[in-house]
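Trainee: Just so it is clear, I am handing over run39.pdb, which has PDB, C-alpha atoms, pLDDT in the B column.
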```pdb
ATOM      1  CA  MET Q   1       0.000   0.000   0.000  1.00 86.00           C
ATOM      2  CA  SER Q   2       1.202   3.484  -0.857  1.00 96.00           C
ATOM      3  CA  ALA Q   3       0.007   6.968  -0.010  1.00 98.00           C
ATOM      4  CA  ILE Q   4      -1.191   8.710  -3.169  1.00 98.00           C
ATOM      5  CA  ALA Q   5      -2.286  12.321  -3.586  1.00 98.00           C
ATOM      6  CA  ILE Q   6      -4.395  13.244  -6.608  1.00 98.00           C
ATOM      7  CA  LEU Q   7      -4.338  16.923  -7.547  1.00 98.00           C
ATOM      8  CA  GLY Q   8      -7.405  17.960  -9.510  1.00 95.00           C
ATOM      9  CA  ALA Q   9      -9.455  15.090  -8.098  1.00 95.00           C
ATOM     10  CA  GLY Q  10     -12.731  16.575  -9.351  1.00 90.00           C
ATOM     11  CA  GLY Q  11     -11.646  16.436 -12.983  1.00 90.00           C
ATOM     12  CA  GLY Q  12     -12.175  13.683 -15.515  1.00 89.00           C
ATOM     13  CA  LEU Q  13      -8.723  12.144 -15.127  1.00 92.00           C
ATOM     14  CA  GLY Q  14      -8.414  12.906 -11.415  1.00 94.00           C
ATOM     15  CA  HIS Q  15     -11.745  11.338 -10.512  1.00 92.00           C
ATOM     16  CA  ALA Q  16     -10.831   8.097 -12.289  1.00 93.00           C
ATOM     17  CA  CYS Q  17      -7.468   8.056 -10.485  1.00 96.00           C
ATOM     18  CA  VAL Q  18      -9.157   8.447  -7.074  1.00 96.00           C
ATOM     19  CA  VAL Q  19     -11.513   5.555  -7.831  1.00 94.00           C
ATOM     20  CA  LYS Q  20      -8.632   3.276  -8.885  1.00 95.00           C
ATOM     21  CA  SER Q  21      -6.383   4.329  -6.010  1.00 97.00           C
ATOM     22  CA  VAL Q  22      -9.079   3.610  -3.408  1.00 97.00           C
ATOM     23  CA  ALA Q  23      -9.889   0.272  -5.066  1.00 97.00           C
ATOM     24  CA  ALA Q  24      -6.195  -0.672  -4.873  1.00 97.00           C
ATOM     25  CA  GLU Q  25      -6.375   0.132  -1.139  1.00 97.00           C
ATOM     26  CA  HIS Q  26      -3.857   2.944  -1.272  1.00 98.00           C
ATOM     27  CA  GLU Q  27      -4.115   5.714   1.271  1.00 98.00           C
ATOM     28  CA  THR Q  28      -5.761   8.235  -1.049  1.00 98.00           C
ATOM     29  CA  ARG Q  29      -5.860  12.000  -0.734  1.00 98.00           C
ATOM     30  CA  ALA Q  30      -8.218  13.733  -3.156  1.00 97.00           C
ATOM     31  CA  LEU Q  31      -7.083  17.362  -3.563  1.00 97.00           C
ATOM     32  CA  MET Q  32      -9.676  19.754  -4.938  1.00 95.00           C
ATOM     33  CA  ARG Q  33     -10.034  23.520  -5.057  1.00 92.00           C
ATOM     34  CA  VAL Q  34     -13.684  23.170  -4.020  1.00 90.00           C
ATOM     35  CA  PRO Q  35     -14.065  19.911  -2.046  1.00 90.00           C
ATOM     36  CA  ARG Q  36     -16.988  17.686  -3.000  1.00 84.00           C
ATOM     37  CA  ALA Q  37     -16.602  14.720  -0.684  1.00 79.00           C
ATOM     38  CA  ASN Q  38     -19.793  13.084  -2.004  1.00 87.00           C
ATOM     39  CA  MET Q  39     -18.026  12.418  -5.327  1.00 87.00           C
ATOM     40  CA  PHE Q  40     -15.924   9.687  -3.726  1.00 92.00           C
ATOM     41  CA  ASP Q  41     -15.870   6.555  -1.658  1.00 91.00           C
ATOM     42  CA  ALA Q  42     -15.531   7.452   2.034  1.00 93.00           C
ATOM     43  CA  ARG Q  43     -12.056   5.885   2.087  1.00 95.00           C
ATOM     44  CA  ALA Q  44     -10.723   8.805   0.021  1.00 96.00           C
ATOM     45  CA  ARG Q  45      -9.627  11.730   2.160  1.00 96.00           C
ATOM     46  CA  VAL Q  46     -10.856  14.907   0.474  1.00 96.00           C
ATOM     47  CA  LEU Q  47      -8.725  18.008   1.050  1.00 96.00           C
ATOM     48  CA  ALA Q  48      -9.233  21.599  -0.083  1.00 96.00           C
ATOM     49  CA  CYS Q  49      -6.155  22.742  -1.967  1.00 96.00           C
ATOM     50  CA  ASP Q  50      -5.374  25.634  -4.274  1.00 96.00           C
ATOM     51  CA  ALA Q  51      -2.959  24.137  -6.805  1.00 97.00           C
ATOM     52  CA  LEU Q  52      -1.282  27.537  -7.259  1.00 97.00           C
ATOM     53  CA  ASP Q  53      -0.445  27.767  -3.549  1.00 98.00           C
ATOM     54  CA  ALA Q  54       2.799  25.764  -3.351  1.00 98.00           C
ATOM     55  CA  ALA Q  55       2.996  26.011   0.461  1.00 98.00           C
ATOM     56  CA  GLN Q  56      -0.525  24.658   0.879  1.00 98.00           C
ATOM     57  CA  LEU Q  57       0.138  21.942  -1.690  1.00 98.00           C
ATOM     58  CA  THR Q  58       3.357  20.968   0.099  1.00 98.00           C
ATOM     59  CA  ARG Q  59       1.433  20.438   3.344  1.00 98.00           C
ATOM     60  CA  ALA Q  60      -1.282  18.457   1.548  1.00 98.00           C
ATOM     61  CA  ILE Q  61       1.159  15.969  -0.038  1.00 98.00           C
ATOM     62  CA  THR Q  62       3.686  15.600   2.781  1.00 98.00           C
ATOM     63  CA  GLY Q  63       4.103  11.908   3.608  1.00 98.00           C
ATOM     64  CA  CYS Q  64       2.792  10.741   0.213  1.00 98.00           C
ATOM     65  CA  ASP Q  65       4.726   8.467  -2.132  1.00 98.00           C
ATOM     66  CA  ALA Q  66       3.389  10.110  -5.259  1.00 98.00           C
ATOM     67  CA  LEU Q  67       1.396  13.070  -6.518  1.00 98.00           C
ATOM     68  CA  LEU Q  68      -0.783  12.320  -9.537  1.00 98.00           C
ATOM     69  CA  TYR Q  69      -0.947  15.585 -11.451  1.00 98.00           C
ATOM     70  CA  CYS Q  70      -4.471  15.843 -12.867  1.00 96.00           C
ATOM     71  CA  VAL Q  71      -5.140  19.584 -12.892  1.00 95.00           C
ATOM     72  CA  ASN Q  72      -6.171  21.411 -16.009  1.00 91.00           C
ATOM     73  CA  ALA Q  73      -7.280  24.900 -17.013  1.00 91.00           C
ATOM     74  CA  PRO Q  74      -9.660  26.121 -19.711  1.00 87.00           C
ATOM     75  CA  LEU Q  75      -7.972  25.917 -23.133  1.00 85.00           C
ATOM     76  CA  ALA Q  76      -8.129  29.673 -23.642  1.00 88.00           C
ATOM     77  CA  ARG Q  77      -5.880  30.156 -20.609  1.00 92.00           C
ATOM     78  CA  TRP Q  78      -3.438  27.279 -21.183  1.00 92.00           C
ATOM     79  CA  SER Q  79      -0.335  29.276 -22.111  1.00 93.00           C
ATOM     80  CA  ARG Q  80      -0.704  31.479 -19.039  1.00 95.00           C
ATOM     81  CA  ASP Q  81      -2.047  29.053 -16.420  1.00 96.00           C
ATOM     82  CA  LEU Q  82      -0.516  25.648 -17.109  1.00 97.00           C
ATOM     83  CA  PRO Q  83       3.135  26.654 -16.566  1.00 98.00           C
ATOM     84  CA  ARG Q  84       2.193  28.407 -13.290  1.00 98.00           C
ATOM     85  CA  LEU Q  85       0.242  25.372 -12.082  1.00 98.00           C
ATOM     86  CA  LEU Q  86       3.067  22.974 -12.892  1.00 98.00           C
ATOM     87  CA  ALA Q  87       5.700  25.256 -11.336  1.00 98.00           C
ATOM     88  CA  SER Q  88       3.713  25.165  -8.097  1.00 98.00           C
ATOM     89  CA  ALA Q  89       3.498  21.355  -8.153  1.00 98.00           C
ATOM     90  CA  ILE Q  90       7.221  21.013  -8.901  1.00 98.00           C
ATOM     91  CA  GLU Q  91       8.029  23.298  -5.972  1.00 98.00           C
ATOM     92  CA  ALA Q  92       5.752  21.312  -3.645  1.00 98.00           C
ATOM     93  CA  CYS Q  93       7.086  17.920  -4.760  1.00 98.00           C
ATOM     94  CA  ARG Q  94      10.640  19.123  -4.263  1.00 98.00           C
ATOM     95  CA  ALA Q  95       9.862  20.493  -0.789  1.00 98.00           C
ATOM     96  CA  ALA Q  96       7.961  17.375   0.332  1.00 98.00           C
ATOM     97  CA  ASN Q  97      10.219  14.920  -1.569  1.00 98.00           C
ATOM     98  CA  VAL Q  98       7.259  13.362  -3.373  1.00 98.00           C
ATOM     99  CA  ARG Q  99       7.413  11.754  -6.834  1.00 98.00           C
ATOM    100  CA  LEU Q 100       5.376  13.638  -9.459  1.00 98.00           C
ATOM    101  CA  ILE Q 101       3.368  11.540 -11.920  1.00 98.00           C
ATOM    102  CA  PHE Q 102       2.571  13.685 -14.950  1.00 98.00           C
ATOM    103  CA  PRO Q 103       0.142  12.871 -17.767  1.00 96.00           C
ATOM    104  CA  GLY Q 104       1.980  13.647 -20.976  1.00 95.00           C
ATOM    105  CA  ASN Q 105      -0.081  13.745 -24.147  1.00 92.00           C
ATOM    106  CA  VAL Q 106       0.533  13.287 -27.854  1.00 94.00           C
ATOM    107  CA  TRP Q 107       0.032  16.862 -29.046  1.00 93.00           C
ATOM    108  CA  SER Q 108       3.652  17.727 -28.254  1.00 95.00           C
ATOM    109  CA  TYR Q 109       4.859  15.375 -31.024  1.00 95.00           C
ATOM    110  CA  GLY Q 110       3.194  17.193 -33.890  1.00 94.00           C
ATOM    111  CA  PRO Q 111       2.131  15.320 -37.055  1.00 94.00           C
ATOM    112  CA  GLY Q 112       3.037  11.682 -37.600  1.00 94.00           C
ATOM    113  CA  LYS Q 113       5.862  10.941 -40.027  1.00 92.00           C
ATOM    114  CA  GLY Q 114       4.324   8.631 -42.612  1.00 89.00           C
ATOM    115  CA  GLU Q 115       1.904   5.736 -42.172  1.00 88.00           C
ATOM    116  CA  HIS Q 116       1.891   3.791 -38.887  1.00 91.00           C
ATOM    117  CA  ASP Q 117       4.367   6.149 -37.255  1.00 94.00           C
ATOM    118  CA  LEU Q 118       5.327   4.273 -34.080  1.00 95.00           C
ATOM    119  CA  VAL Q 119       6.539   6.704 -31.400  1.00 95.00           C
ATOM    120  CA  ASP Q 120       8.668   5.536 -28.486  1.00 94.00           C
ATOM    121  CA  GLU Q 121      10.294   7.277 -25.524  1.00 92.00           C
ATOM    122  CA  ALA Q 122      13.238   8.506 -27.620  1.00 94.00           C
ATOM    123  CA  ARG Q 123      11.112  10.610 -30.018  1.00 95.00           C
ATOM    124  CA  SER Q 124      11.766  14.342 -29.680  1.00 95.00           C
ATOM    125  CA  PHE Q 125       8.983  16.925 -29.587  1.00 96.00           C
ATOM    126  CA  THR Q 126       8.216  18.864 -32.761  1.00 95.00           C
ATOM    127  CA  PRO Q 127       4.833  20.443 -31.980  1.00 95.00           C
ATOM    128  CA  THR Q 128       3.087  22.393 -34.729  1.00 94.00           C
ATOM    129  CA  SER Q 129       0.058  23.471 -32.667  1.00 94.00           C
ATOM    130  CA  ASN Q 130      -0.180  26.069 -29.912  1.00 93.00           C
ATOM    131  CA  LYS Q 131      -1.558  23.423 -27.561  1.00 92.00           C
ATOM    132  CA  GLY Q 132       1.313  21.081 -28.418  1.00 95.00           C
ATOM    133  CA  ARG Q 133       3.845  23.831 -27.777  1.00 96.00           C
ATOM    134  CA  VAL Q 134       2.413  24.436 -24.304  1.00 96.00           C
ATOM    135  CA  ARG Q 135       2.556  20.705 -23.506  1.00 96.00           C
ATOM    136  CA  ALA Q 136       6.155  20.469 -24.751  1.00 97.00           C
ATOM    137  CA  ARG Q 137       7.058  23.458 -22.583  1.00 97.00           C
ATOM    138  CA  LEU Q 138       5.592  21.723 -19.508  1.00 98.00           C
ATOM    139  CA  GLU Q 139       7.650  18.610 -20.135  1.00 97.00           C
ATOM    140  CA  ALA Q 140      10.769  20.754 -20.572  1.00 97.00           C
ATOM    141  CA  MET Q 141      10.043  22.283 -17.148  1.00 98.00           C
ATOM    142  CA  LEU Q 142       9.829  18.774 -15.694  1.00 98.00           C
ATOM    143  CA  ALA Q 143      13.060  17.665 -17.371  1.00 97.00           C
ATOM    144  CA  GLN Q 144      14.894  20.680 -15.976  1.00 98.00           C
ATOM    145  CA  SER Q 145      13.382  20.421 -12.490  1.00 98.00           C
ATOM    146  CA  GLY Q 146      15.489  17.505 -11.274  1.00 97.00           C
ATOM    147  CA  ILE Q 147      12.619  16.193  -9.111  1.00 98.00           C
ATOM    148  CA  ARG Q 148      11.657  12.500  -9.018  1.00 98.00           C
ATOM    149  CA  GLN Q 149       9.068  12.036 -11.729  1.00 98.00           C
ATOM    150  CA  VAL Q 150       7.248   9.683 -14.076  1.00 96.00           C
ATOM    151  CA  ILE Q 151       5.611  10.784 -17.316  1.00 95.00           C
ATOM    152  CA  LEU Q 152       2.654   8.589 -18.208  1.00 92.00           C
ATOM    153  CA  ARG Q 153       1.833   9.384 -21.824  1.00 92.00           C
ATOM    154  CA  LEU Q 154      -1.841   9.121 -22.655  1.00 86.00           C
ATOM    155  CA  PRO Q 155      -3.763   9.776 -25.852  1.00 82.00           C
ATOM    156  CA  GLU Q 156      -7.217  11.376 -25.781  1.00 82.00           C
ATOM    157  CA  PHE Q 157      -9.549  10.053 -23.126  1.00 86.00           C
ATOM    158  CA  TYR Q 158     -13.297  10.002 -22.547  1.00 89.00           C
ATOM    159  CA  GLY Q 159     -15.640   8.348 -20.082  1.00 89.00           C
ATOM    160  CA  PRO Q 160     -17.818   8.885 -17.023  1.00 88.00           C
ATOM    161  CA  ASN Q 161     -17.067  12.198 -15.322  1.00 86.00           C
ATOM    162  CA  VAL Q 162     -15.093  13.518 -18.295  1.00 87.00           C
ATOM    163  CA  ALA Q 163     -17.601  16.296 -18.824  1.00 81.00           C
ATOM    164  CA  ASP Q 164     -15.904  19.439 -20.107  1.00 74.00           C
ATOM    165  CA  GLY Q 165     -15.374  19.419 -23.824  1.00 67.00           C
ATOM    166  CA  HIS Q 166     -17.413  16.260 -24.306  1.00 70.00           C
ATOM    167  CA  ARG Q 167     -20.839  17.483 -23.205  1.00 68.00           C
ATOM    168  CA  PRO Q 168     -21.492  19.261 -26.527  1.00 66.00           C
ATOM    169  CA  LEU Q 169     -20.906  15.977 -28.373  1.00 69.00           C
ATOM    170  CA  VAL Q 170     -23.221  14.084 -26.064  1.00 68.00           C
ATOM    171  CA  ASP Q 171     -25.927  16.742 -26.065  1.00 66.00           C
ATOM    172  CA  ARG Q 172     -25.859  16.888 -29.857  1.00 59.00           C
ATOM    173  CA  SER Q 173     -26.379  13.143 -29.977  1.00 59.00           C
ATOM    174  CA  HIS Q 174     -29.539  13.561 -27.863  1.00 55.00           C
ATOM    175  CA  PRO Q 175     -31.668  16.204 -29.627  1.00 52.00           C
ATOM    176  CA  ALA Q 176     -34.374  17.590 -27.329  1.00 48.00           C
TER
ATOM    177  CA  MET T   1      -6.163  28.721 -28.593  1.00 55.00           C
ATOM    178  CA  SER T   2      -8.029  26.988 -31.397  1.00 58.00           C
ATOM    179  CA  PRO T   3      -9.548  23.585 -30.729  1.00 57.00           C
ATOM    180  CA  THR T   4      -8.759  22.645 -34.337  1.00 68.00           C
ATOM    181  CA  ASP T   5      -5.028  23.312 -34.385  1.00 85.00           C
ATOM    182  CA  ILE T   6      -4.371  19.658 -33.576  1.00 86.00           C
ATOM    183  CA  GLY T   7      -6.135  18.563 -36.749  1.00 88.00           C
ATOM    184  CA  HIS T   8      -2.961  16.727 -37.737  1.00 91.00           C
ATOM    185  CA  LEU T   9      -4.044  13.946 -35.364  1.00 88.00           C
ATOM    186  CA  TRP T  10      -6.718  13.060 -37.932  1.00 89.00           C
ATOM    187  CA  THR T  11      -4.596  13.529 -41.071  1.00 91.00           C
ATOM    188  CA  ASP T  12      -1.152  12.377 -39.850  1.00 92.00           C
ATOM    189  CA  PRO T  13      -1.749  10.161 -36.795  1.00 92.00           C
ATOM    190  CA  ILE T  14       0.895   8.627 -34.583  1.00 93.00           C
ATOM    191  CA  LEU T  15       0.938   5.350 -32.679  1.00 93.00           C
ATOM    192  CA  LEU T  16       2.382   5.077 -29.175  1.00 93.00           C
ATOM    193  CA  ASP T  17       4.814   2.208 -28.653  1.00 93.00           C
ATOM    194  CA  GLY T  18       3.890   0.525 -25.359  1.00 91.00           C
ATOM    195  CA  THR T  19       6.717  -2.037 -25.406  1.00 93.00           C
ATOM    196  CA  ARG T  20       8.505  -0.715 -22.336  1.00 92.00           C
ATOM    197  CA  TYR T  21       5.229  -0.239 -20.413  1.00 91.00           C
ATOM    198  CA  ARG T  22       4.138  -3.830 -21.088  1.00 94.00           C
ATOM    199  CA  ALA T  23       7.540  -5.215 -20.107  1.00 96.00           C
ATOM    200  CA  ARG T  24       7.222  -3.514 -16.719  1.00 94.00           C
ATOM    201  CA  PHE T  25       3.480  -3.608 -15.948  1.00 92.00           C
ATOM    202  CA  GLY T  26       1.896  -6.139 -18.311  1.00 96.00           C
ATOM    203  CA  ASP T  27      -0.931  -5.519 -20.767  1.00 93.00           C
ATOM    204  CA  VAL T  28      -2.466  -2.073 -21.075  1.00 86.00           C
ATOM    205  CA  PRO T  29      -6.070  -2.321 -19.844  1.00 84.00           C
ATOM    206  CA  ALA T  30      -8.487  -1.447 -22.646  1.00 87.00           C
ATOM    207  CA  THR T  31     -12.267  -0.909 -22.567  1.00 92.00           C
ATOM    208  CA  PRO T  32     -14.011  -1.876 -25.832  1.00 96.00           C
ATOM    209  CA  TYR T  33     -15.498   1.233 -27.478  1.00 95.00           C
ATOM    210  CA  MET T  34     -19.077  -0.075 -27.396  1.00 97.00           C
ATOM    211  CA  ALA T  35     -18.909  -0.645 -23.632  1.00 97.00           C
ATOM    212  CA  GLY T  36     -17.086   2.630 -23.020  1.00 95.00           C
ATOM    213  CA  ILE T  37     -19.517   4.722 -25.071  1.00 94.00           C
ATOM    214  CA  ARG T  38     -22.561   3.101 -23.410  1.00 96.00           C
ATOM    215  CA  GLU T  39     -21.131   3.713 -19.949  1.00 94.00           C
ATOM    216  CA  THR T  40     -20.243   7.298 -20.832  1.00 93.00           C
ATOM    217  CA  LEU T  41     -23.668   8.166 -22.279  1.00 93.00           C
ATOM    218  CA  ALA T  42     -25.365   6.629 -19.225  1.00 94.00           C
ATOM    219  CA  TRP T  43     -23.227   8.789 -16.954  1.00 91.00           C
ATOM    220  CA  PHE T  44     -24.106  11.970 -18.880  1.00 91.00           C
ATOM    221  CA  GLU T  45     -27.810  11.150 -18.647  1.00 90.00           C
ATOM    222  CA  GLN T  46     -27.497  10.718 -14.888  1.00 91.00           C
ATOM    223  CA  HIS T  47     -25.426  13.913 -14.480  1.00 86.00           C
ATOM    224  CA  PRO T  48     -26.997  16.451 -16.850  1.00 81.00           C
ATOM    225  CA  PHE T  49     -25.370  19.453 -15.180  1.00 76.00           C
ATOM    226  CA  ALA T  50     -21.991  18.064 -14.134  1.00 77.00           C
ATOM    227  CA  THR T  51     -18.870  20.003 -15.010  1.00 75.00           C
ATOM    228  CA  ASN T  52     -15.181  19.571 -14.233  1.00 73.00           C
ATOM    229  CA  SER T  53     -14.544  23.320 -13.985  1.00 65.00           C
ATOM    230  CA  ASP T  54     -14.833  24.392 -10.376  1.00 54.00           C
TER
END
```
Translate this structure into structure tokens?
Mentor:
Amino acid sequence: MSAIAILGAGGGLGHACVVKSVAAEHETRALMRVPRANMFDARARVLACDALDAAQLTRAITGCDALLYCVNAPLARWSRDLPRLLASAIEACRAANVRLIFPGNVWSYGPGKGEHDLVDEARSFTPTSNKGRVRARLEAMLAQSGIRQVILRLPEFYGPNVADGHRPLVDRSHPA
Amino acid sequence: MSPTDIGHLWTDPILLDGTRYRARFGDVPATPYMAGIRETLAWFEQHPFATNSD
């Protein structure tokens, strides 16, 4: 059993991580800006935490083995907010000596090179989109930080509790 | 930031090589699309006002 903190526990990715962490019987801390304890099994400990407040985040994750980084910001504010959010988490993980688990995505790679372009860990980032450039910048921050870290690279995801961005698709499929 | 500037994912896709992941952790769990879409639509019907932004 480990002690796992999930930052952004109310989000689509964060919620799924809390569910899995509790099911695996880890000591689970669900960190949310606005706590909604009724979202989770009672075994999850729900804590109020402003992800931009590195001192508060440090206290919230002290004693944990890992911080699962599941925070996000509205797309329109990515270039401003995401680097600030990650800088805060890096500072907290360094202060509390906690491993940061970061969800990398595929936008930082840019277009595939030919058919069936198989990308492994050695592939460098050549983003052509603004969103991809922001994601590549975040991973550069992580590489330079020197903190203990794991990058779990995920493609797009959908599912229960992944509401923002997907609701328009769902609503359109259910005309009133 | 345009939601369409990653259109290359549809025209020039990439595949992620999970060889090292599988060697360490075993198979990558995968939900069949039919089951995943059903489960997702059911959740949206039960949570008509849910949002991740607060």
Trainee: Check the smallest atom-to-atom distance from each of Q:Arg148, Q:Arg133, Q:Arg153, Q:His116 to T:Leu15 using only C-alpha atoms, then report the winner.
Mentor: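 Of Q:Arg148, Q:Arg133, Q:Arg153, Q:His116, the one nearest T:Leu15 is Q:His116, counting only C-alpha atoms.
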Trainee: Once the PyMOL selection byres ((chain Q) within 7 of (chain T)) is applied to the coordinates I shared, what remains selected? I want it as a list in words.
Mentor: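 Applying the expression gives Gly10, Gly11, Gly12, Val34, Leu75, Ala76, Trp107, Pro111, Gly112, His116, Asp117, Leu118, Val119, Asp120, Ser129, Asn130, Gly159, Pro160, Ala163 and Asp164 of chain Q.
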Trainee: Once the PyMOL selection byres ((chain Q and resi 51) around 8) is applied to the coordinates I shared, what remains selected? I want it as a PyMOL selection string.
Mentor: chain Q and resi 7+33+49-50+52-54+57+71+85+88-89
Trainee: What would the selection look like, as a CSV table (one decimal) with C-alpha atoms, in the frame of the given file, if the PyMOL selection byres ((chain Q and resi 6) around 6) were run on the coordinates I just shared?
Mentor:
```csv
chain,number,residue,atom,x,y,z
Q,5,ALA,CA,-2.3,12.3,-3.6
Q,7,LEU,CA,-4.3,16.9,-7.5
Q,9,ALA,CA,-9.5,15.1,-8.1
Q,30,ALA,CA,-8.2,13.7,-3.2
Q,31,LEU,CA,-7.1,17.4,-3.6
Q,67,LEU,CA,1.4,13.1,-6.5
Q,68,LEU,CA,-0.8,12.3,-9.5
```
Trainee: Between atom CA of Q:Glu121 and atom CA of Q:Ile147, what is the distance, to one decimal in Å?
Mentor: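 That distance, rounded to one decimal, is 18.8 Å.
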Trainee: Go ahead and compute the interatomic distance for atom CA of Q:Ala140 and atom CA of Q:Tyr109, in Å to one decimal.
Mentor: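 Calculated distance between atom CA of Q:Ala140 and atom CA of Q:Tyr109 is 13.2 Å.
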Trainee: Write out as a list of chain:residue names the residues lying within 7 Å of stretch 93-103 of chain Q, counting all atoms listed in the file and excluding same-chain residues fewer than 2 positions away.
Mentor: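 My reading of the contact set: Q:Thr58, Q:Ile61, Q:Thr62, Q:Cys64, Q:Asp65, Q:Ala66, Q:Leu67, Q:Leu68, Q:Tyr69, Q:Ala89, Q:Ile90, Q:Glu91, Q:Asn105, Q:Ile147, Q:Arg148, Q:Gln149, Q:Val150, Q:Ile151, Q:Leu152, Q:Arg153, Q:Leu154.
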Trainee: What lies within 9 Å of stretch 40-42 of chain Q using only C-alpha atoms, ignoring chain neighbours under 5 positions off, as a list in words?
Mentor: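 Those residues are His15, Val18, Val19, Val22 and Ala30 of chain Q.
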Trainee: Between atom CA of Q:Ala143 and atom CA of Q:Arg80, what is the spacing in Å?
Mentor: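 Between atom CA of Q:Arg80 and atom CA of Q:Ala143 the gap is 19.6 Å.
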